[in-house]
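Next comes structure.txt, with compact mmCIF, C-alpha atoms.
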# COMPACT_ATOMS: atom_id res chain seq x y z
CA MET A 1 137.67 105.98 74.75
CA ASN A 2 135.18 105.40 77.52
CA ASP A 3 131.83 107.21 77.41
CA ARG A 4 131.15 106.70 81.12
CA PRO A 5 131.40 109.66 83.47
CA ALA A 6 134.66 109.86 85.39
CA GLY A 7 134.59 107.86 88.59
CA ALA A 8 131.53 105.82 87.66
CA ALA A 9 133.31 102.62 86.69
CA GLY A 10 132.83 99.82 89.18
CA ILE A 11 130.03 101.49 91.11
CA GLY A 12 126.74 99.76 91.70
CA ARG A 13 127.44 96.25 90.41
CA ALA A 14 129.37 93.27 91.62
CA ASP A 15 130.85 92.60 88.18
CA GLY A 16 132.69 95.92 88.17
CA GLY A 17 130.45 97.81 85.75
CA ALA A 18 128.24 100.71 86.61
CA ARG A 19 124.50 100.28 86.74
CA PRO A 20 122.69 102.63 84.37
CA VAL A 21 119.87 104.65 85.86
CA ARG A 22 117.12 105.48 83.41
CA THR A 23 114.58 108.18 84.07
CA GLY A 24 111.14 108.42 82.51
CA ALA A 25 112.44 110.96 79.97
CA ASP A 26 115.32 108.64 79.09
CA LEU A 27 112.96 105.76 78.40
CA THR A 28 110.70 107.67 76.05
CA ALA A 29 112.76 110.43 74.43
CA SER A 30 116.30 109.18 73.93
CA THR A 31 118.80 106.49 74.66
CA ALA A 32 120.86 108.63 77.04
CA VAL A 33 122.02 106.76 80.12
CA ARG A 34 123.07 108.29 83.42
CA TYR A 35 125.19 106.35 85.86
CA ALA A 36 124.58 106.32 89.59
CA LEU A 37 127.37 107.94 91.55
CA VAL A 38 126.44 106.27 94.82
CA PRO A 39 126.30 102.49 95.06
CA ALA A 40 122.91 101.06 95.92
CA PRO A 41 122.81 99.74 99.49
CA ARG A 42 122.86 95.97 99.66
CA LEU A 43 122.19 93.53 102.50
CA SER A 44 124.20 90.41 103.17
CA LEU A 45 122.57 87.02 103.58
CA ASP A 46 123.12 87.15 107.34
CA ALA A 47 121.52 90.59 107.62
CA VAL A 48 118.48 89.47 105.62
CA ALA A 49 118.20 86.32 107.75
CA ARG A 50 118.31 88.37 110.97
CA ARG A 51 115.75 90.91 109.73
CA SER A 52 113.34 88.32 108.38
CA GLY A 53 113.77 85.71 111.11
CA LEU A 54 114.40 82.95 108.55
CA HIS A 55 117.27 80.49 108.31
CA PRO A 56 119.90 81.40 105.68
CA ASP A 57 119.47 78.01 103.99
CA LEU A 58 115.76 78.70 103.48
CA ILE A 59 116.60 82.09 101.98
CA ARG A 60 119.10 80.41 99.63
CA ARG A 61 116.33 78.02 98.57
CA PHE A 62 114.01 80.97 97.87
CA VAL A 63 116.73 82.50 95.70
CA ALA A 64 117.18 79.21 93.83
CA LEU A 65 113.41 79.02 93.24
CA GLY A 66 113.36 82.60 91.97
CA LEU A 67 111.07 83.90 94.72
CA VAL A 68 113.62 86.46 95.96
CA ASP A 69 116.03 88.44 93.80
CA ALA A 70 119.69 88.38 94.79
CA GLU A 71 123.02 89.18 93.21
CA ARG A 72 126.53 87.99 93.92
CA ASP A 73 129.24 90.32 95.17
CA ALA A 74 132.89 90.18 94.09
CA ALA A 75 133.56 87.40 96.61
CA GLY A 76 130.62 85.32 95.35
CA ARG A 77 128.38 85.91 98.38
CA LEU A 78 124.69 86.64 97.99
CA VAL A 79 123.64 90.28 98.41
CA PHE A 80 120.05 91.52 98.49
CA ASP A 81 118.03 94.68 98.00
CA PRO A 82 116.96 96.40 101.22
CA THR A 83 113.38 95.34 100.37
CA ALA A 84 114.22 91.61 100.54
CA PRO A 85 112.93 91.14 104.14
CA VAL A 86 109.56 92.58 103.05
CA VAL A 87 109.40 90.12 100.15
CA LEU A 88 110.32 87.25 102.47
CA ALA A 89 107.59 88.27 104.92
CA ARG A 90 105.08 88.28 102.06
CA ILE A 91 106.21 84.78 101.05
CA GLN A 92 105.83 83.54 104.62
CA ARG A 93 102.33 85.08 104.90
CA LEU A 94 101.25 83.30 101.71
CA ARG A 95 102.78 80.03 102.91
CA THR A 96 101.18 80.04 106.35
CA GLY A 97 97.94 81.90 105.59
CA LEU A 98 96.95 80.09 102.42
CA CYS A 99 98.97 76.86 102.83
CA LEU A 100 100.52 77.31 99.37
CA ASN A 101 103.57 75.43 98.17
CA TYR A 102 106.56 77.42 96.93
CA ALA A 103 105.79 76.90 93.23
CA SER A 104 102.31 78.33 93.63
CA ILE A 105 103.66 81.19 95.78
CA GLY A 106 105.78 82.28 92.81
CA LEU A 107 102.67 82.34 90.62
CA VAL A 108 100.64 84.26 93.21
CA LEU A 109 103.44 86.82 93.67
CA ASP A 110 103.59 87.38 89.91
CA LEU A 111 99.82 87.84 89.72
CA LEU A 112 99.77 90.25 92.66
CA ASP A 113 102.55 92.30 91.05
CA ARG A 114 100.60 92.43 87.77
CA ILE A 115 97.46 93.55 89.59
CA SER A 116 99.42 96.32 91.33
CA LEU A 117 100.84 97.53 88.02
CA LEU A 118 97.43 97.52 86.35
CA GLU A 119 95.84 99.40 89.24
CA ALA A 120 98.65 101.97 89.16
CA ALA A 121 98.16 102.42 85.42
CA LEU A 122 94.42 102.93 85.88
CA ARG A 123 94.99 105.46 88.65
CA GLY A 124 97.50 107.26 86.44
CA ARG A 125 94.92 107.59 83.69
CA GLY A 126 92.26 108.80 86.11
CA MET A 127 90.00 105.90 85.27
CA ARG A 128 89.84 104.58 88.81
CA SER A 129 88.90 106.22 92.06
CA GLU A 130 91.40 106.49 94.89
CA THR A 131 89.77 103.67 96.85
CA PRO A 132 92.28 101.25 98.32
CA PRO A 133 92.96 98.10 96.30
CA TRP A 134 91.41 94.84 97.37
CA THR A 135 94.80 93.34 98.29

Output the file's structure as structure tokens, nothing else.
Amino acid sequence: MNDRPAGAAGIGRADGGARPVRTGADLTASTAVRYALVPAPRLSLDAVARRSGLHPDLIRRFVALGLVDAERDAAGRLVFDPTAPVVLARIQRLRTGLCLNYASIGLVLDLLDRISLLEAALRGRGMRSETPPWT
């Protein structure tokens, strides 16, 4: 017996399973999982390369270094979130503006993400004014 909703199998993931969508109530109150009925839009490597203005080989290298998240579709091709061109632009700004190598860019991206999370948590608690962050 399958506990998935009818029609949800194979939606949202390249490996054929459905991607669970957890809401804030699901994370704190119970272990109930809802499944997305609409597949998340994905971009191909060529589409990301066109939108970002980068060569596909360079994007593959970024994926190998862990700077950009990507998944594989059923045919084994790389597919990206729609936000991937924004991430690639951020990487390029760090590379050209600060002359950082790719290993240090990964560290800087992680630190900037942590700062954003901490600032959001402080704003959520009302402990910080609504002034724009320094980044």

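Here atom CA of Leu65 of chain A stands at a distance of 25.4 Å from atom CA of Leu118 of chain A.
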
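Put simply, atom CA of Asp57 of chain A is 13.9 Å away from atom CA of Ala70 of chain A.
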
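Distances here use all atoms listed in the file; by that measure, the residue among A:Ala103, A:Ala40, A:Ala47, A:Ala121 closest to Arg61 of chain A is A:Ala103.
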
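Atom CA of Asp69 of chain A is positioned 12.0 Å from atom CA of Gly106 of chain A.
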
- Task: Counting all atoms listed in the file, figure out which residue out of A:Val38, A:His55, A:Gly97, A:Val68 gets nearest to Asp81 of chain A.
- Result: A:Val68

Could you add whatever atoms are missing so that segment 69-93 of chain A carries N, CA, C and O atoms, then write the result as a PDB file, in the coordinates of the input?
ATOM      1  N   ASP A  69     114.930  88.025  94.657  1.00  0.00           N
ATOM      2  CA  ASP A  69     116.030  88.440  93.800  1.00  0.00           C
ATOM      3  C   ASP A  69     117.286  88.671  94.632  1.00  0.00           C
ATOM      4  O   ASP A  69     117.219  89.283  95.698  1.00  0.00           O
ATOM      5  N   ALA A  70     118.403  88.177  94.134  1.00  0.00           N
ATOM      6  CA  ALA A  70     119.690  88.380  94.790  1.00  0.00           C
ATOM      7  C   ALA A  70     120.765  88.458  93.722  1.00  0.00           C
ATOM      8  O   ALA A  70     120.593  87.968  92.604  1.00  0.00           O
ATOM      9  N   GLU A  71     121.855  89.098  94.075  1.00  0.00           N
ATOM     10  CA  GLU A  71     123.020  89.180  93.210  1.00  0.00           C
ATOM     11  C   GLU A  71     124.209  88.603  93.968  1.00  0.00           C
ATOM     12  O   GLU A  71     124.126  88.339  95.160  1.00  0.00           O
ATOM     13  N   ARG A  72     125.297  88.443  93.277  1.00  0.00           N
ATOM     14  CA  ARG A  72     126.530  87.990  93.920  1.00  0.00           C
ATOM     15  C   ARG A  72     127.509  89.149  93.956  1.00  0.00           C
ATOM     16  O   ARG A  72     127.632  89.909  93.006  1.00  0.00           O
ATOM     17  N   ASP A  73     128.215  89.283  95.080  1.00  0.00           N
ATOM     18  CA  ASP A  73     129.240  90.320  95.170  1.00  0.00           C
ATOM     19  C   ASP A  73     130.535  89.792  94.581  1.00  0.00           C
ATOM     20  O   ASP A  73     130.580  88.696  94.015  1.00  0.00           O
ATOM     21  N   ALA A  74     131.611  90.563  94.693  1.00  0.00           N
ATOM     22  CA  ALA A  74     132.890  90.180  94.090  1.00  0.00           C
ATOM     23  C   ALA A  74     133.432  88.893  94.700  1.00  0.00           C
ATOM     24  O   ALA A  74     134.138  88.138  94.032  1.00  0.00           O
ATOM     25  N   ALA A  75     133.093  88.612  95.943  1.00  0.00           N
ATOM     26  CA  ALA A  75     133.560  87.400  96.610  1.00  0.00           C
ATOM     27  C   ALA A  75     132.634  86.210  96.359  1.00  0.00           C
ATOM     28  O   ALA A  75     132.913  85.103  96.836  1.00  0.00           O
ATOM     29  N   GLY A  76     131.537  86.399  95.647  1.00  0.00           N
ATOM     30  CA  GLY A  76     130.620  85.320  95.350  1.00  0.00           C
ATOM     31  C   GLY A  76     129.511  85.127  96.366  1.00  0.00           C
ATOM     32  O   GLY A  76     128.736  84.183  96.277  1.00  0.00           O
ATOM     33  N   ARG A  77     129.425  86.010  97.366  1.00  0.00           N
ATOM     34  CA  ARG A  77     128.380  85.910  98.380  1.00  0.00           C
ATOM     35  C   ARG A  77     127.105  86.560  97.875  1.00  0.00           C
ATOM     36  O   ARG A  77     127.133  87.507  97.087  1.00  0.00           O
ATOM     37  N   LEU A  78     125.976  86.072  98.368  1.00  0.00           N
ATOM     38  CA  LEU A  78     124.690  86.640  97.990  1.00  0.00           C
ATOM     39  C   LEU A  78     124.497  88.004  98.650  1.00  0.00           C
ATOM     40  O   LEU A  78     124.803  88.167  99.838  1.00  0.00           O
ATOM     41  N   VAL A  79     124.010  88.967  97.879  1.00  0.00           N
ATOM     42  CA  VAL A  79     123.640  90.280  98.410  1.00  0.00           C
ATOM     43  C   VAL A  79     122.229  90.588  97.909  1.00  0.00           C
ATOM     44  O   VAL A  79     121.843  90.200  96.807  1.00  0.00           O
ATOM     45  N   PHE A  80     121.468  91.293  98.741  1.00  0.00           N
ATOM     46  CA  PHE A  80     120.050  91.520  98.490  1.00  0.00           C
ATOM     47  C   PHE A  80     119.722  93.002  98.511  1.00  0.00           C
ATOM     48  O   PHE A  80     120.417  93.797  99.119  1.00  0.00           O
ATOM     49  N   ASP A  81     118.605  93.345  97.890  1.00  0.00           N
ATOM     50  CA  ASP A  81     118.030  94.680  98.000  1.00  0.00           C
ATOM     51  C   ASP A  81     117.575  94.899  99.438  1.00  0.00           C
ATOM     52  O   ASP A  81     117.253  93.926 100.134  1.00  0.00           O
ATOM     53  N   PRO A  82     117.480  96.148  99.873  1.00  0.00           N
ATOM     54  CA  PRO A  82     116.960  96.400 101.220  1.00  0.00           C
ATOM     55  C   PRO A  82     115.493  95.975 101.387  1.00  0.00           C
ATOM     56  O   PRO A  82     115.024  95.820 102.503  1.00  0.00           O
ATOM     57  N   THR A  83     114.780  95.763 100.287  1.00  0.00           N
ATOM     58  CA  THR A  83     113.380  95.340 100.370  1.00  0.00           C
ATOM     59  C   THR A  83     113.219  93.823 100.488  1.00  0.00           C
ATOM     60  O   THR A  83     112.092  93.339 100.591  1.00  0.00           O
ATOM     61  N   ALA A  84     114.299  93.068 100.492  1.00  0.00           N
ATOM     62  CA  ALA A  84     114.220  91.610 100.540  1.00  0.00           C
ATOM     63  C   ALA A  84     113.484  91.093 101.785  1.00  0.00           C
ATOM     64  O   ALA A  84     112.684  90.156 101.663  1.00  0.00           O
ATOM     65  N   PRO A  85     113.697  91.648 102.992  1.00  0.00           N
ATOM     66  CA  PRO A  85     112.930  91.140 104.140  1.00  0.00           C
ATOM     67  C   PRO A  85     111.417  91.314 103.978  1.00  0.00           C
ATOM     68  O   PRO A  85     110.640  90.479 104.441  1.00  0.00           O
ATOM     69  N   VAL A  86     110.994  92.368 103.292  1.00  0.00           N
ATOM     70  CA  VAL A  86     109.560  92.580 103.050  1.00  0.00           C
ATOM     71  C   VAL A  86     109.033  91.488 102.112  1.00  0.00           C
ATOM     72  O   VAL A  86     107.948  90.935 102.331  1.00  0.00           O
ATOM     73  N   VAL A  87     109.795  91.173 101.087  1.00  0.00           N
ATOM     74  CA  VAL A  87     109.400  90.120 100.150  1.00  0.00           C
ATOM     75  C   VAL A  87     109.336  88.775 100.862  1.00  0.00           C
ATOM     76  O   VAL A  87     108.399  87.992 100.666  1.00  0.00           O
ATOM     77  N   LEU A  88     110.310  88.508 101.724  1.00  0.00           N
ATOM     78  CA  LEU A  88     110.320  87.250 102.470  1.00  0.00           C
ATOM     79  C   LEU A  88     109.134  87.164 103.420  1.00  0.00           C
ATOM     80  O   LEU A  88     108.539  86.087 103.583  1.00  0.00           O
ATOM     81  N   ALA A  89     108.765  88.274 104.042  1.00  0.00           N
ATOM     82  CA  ALA A  89     107.590  88.270 104.920  1.00  0.00           C
ATOM     83  C   ALA A  89     106.323  87.978 104.124  1.00  0.00           C
ATOM     84  O   ALA A  89     105.441  87.237 104.590  1.00  0.00           O
ATOM     85  N   ARG A  90     106.241  88.527 102.923  1.00  0.00           N
ATOM     86  CA  ARG A  90     105.080  88.280 102.060  1.00  0.00           C
ATOM     87  C   ARG A  90     105.006  86.798 101.680  1.00  0.00           C
ATOM     88  O   ARG A  90     103.929  86.197 101.678  1.00  0.00           O
ATOM     89  N   ILE A  91     106.156  86.210 101.383  1.00  0.00           N
ATOM     90  CA  ILE A  91     106.210  84.780 101.050  1.00  0.00           C
ATOM     91  C   ILE A  91     105.747  83.951 102.238  1.00  0.00           C
ATOM     92  O   ILE A  91     104.955  83.010 102.083  1.00  0.00           O
ATOM     93  N   GLN A  92     106.214  84.284 103.423  1.00  0.00           N
ATOM     94  CA  GLN A  92     105.830  83.540 104.620  1.00  0.00           C
ATOM     95  C   GLN A  92     104.336  83.681 104.911  1.00  0.00           C
ATOM     96  O   GLN A  92     103.690  82.723 105.332  1.00  0.00           O
ATOM     97  N   ARG A  93     103.774  84.889 104.692  1.00  0.00           N
ATOM     98  CA  ARG A  93     102.330  85.080 104.900  1.00  0.00           C
ATOM     99  C   ARG A  93     101.523  84.211 103.938  1.00  0.00           C
ATOM    100  O   ARG A  93     100.516  83.607 104.326  1.00  0.00           O
TER     101      ARG A  93
END
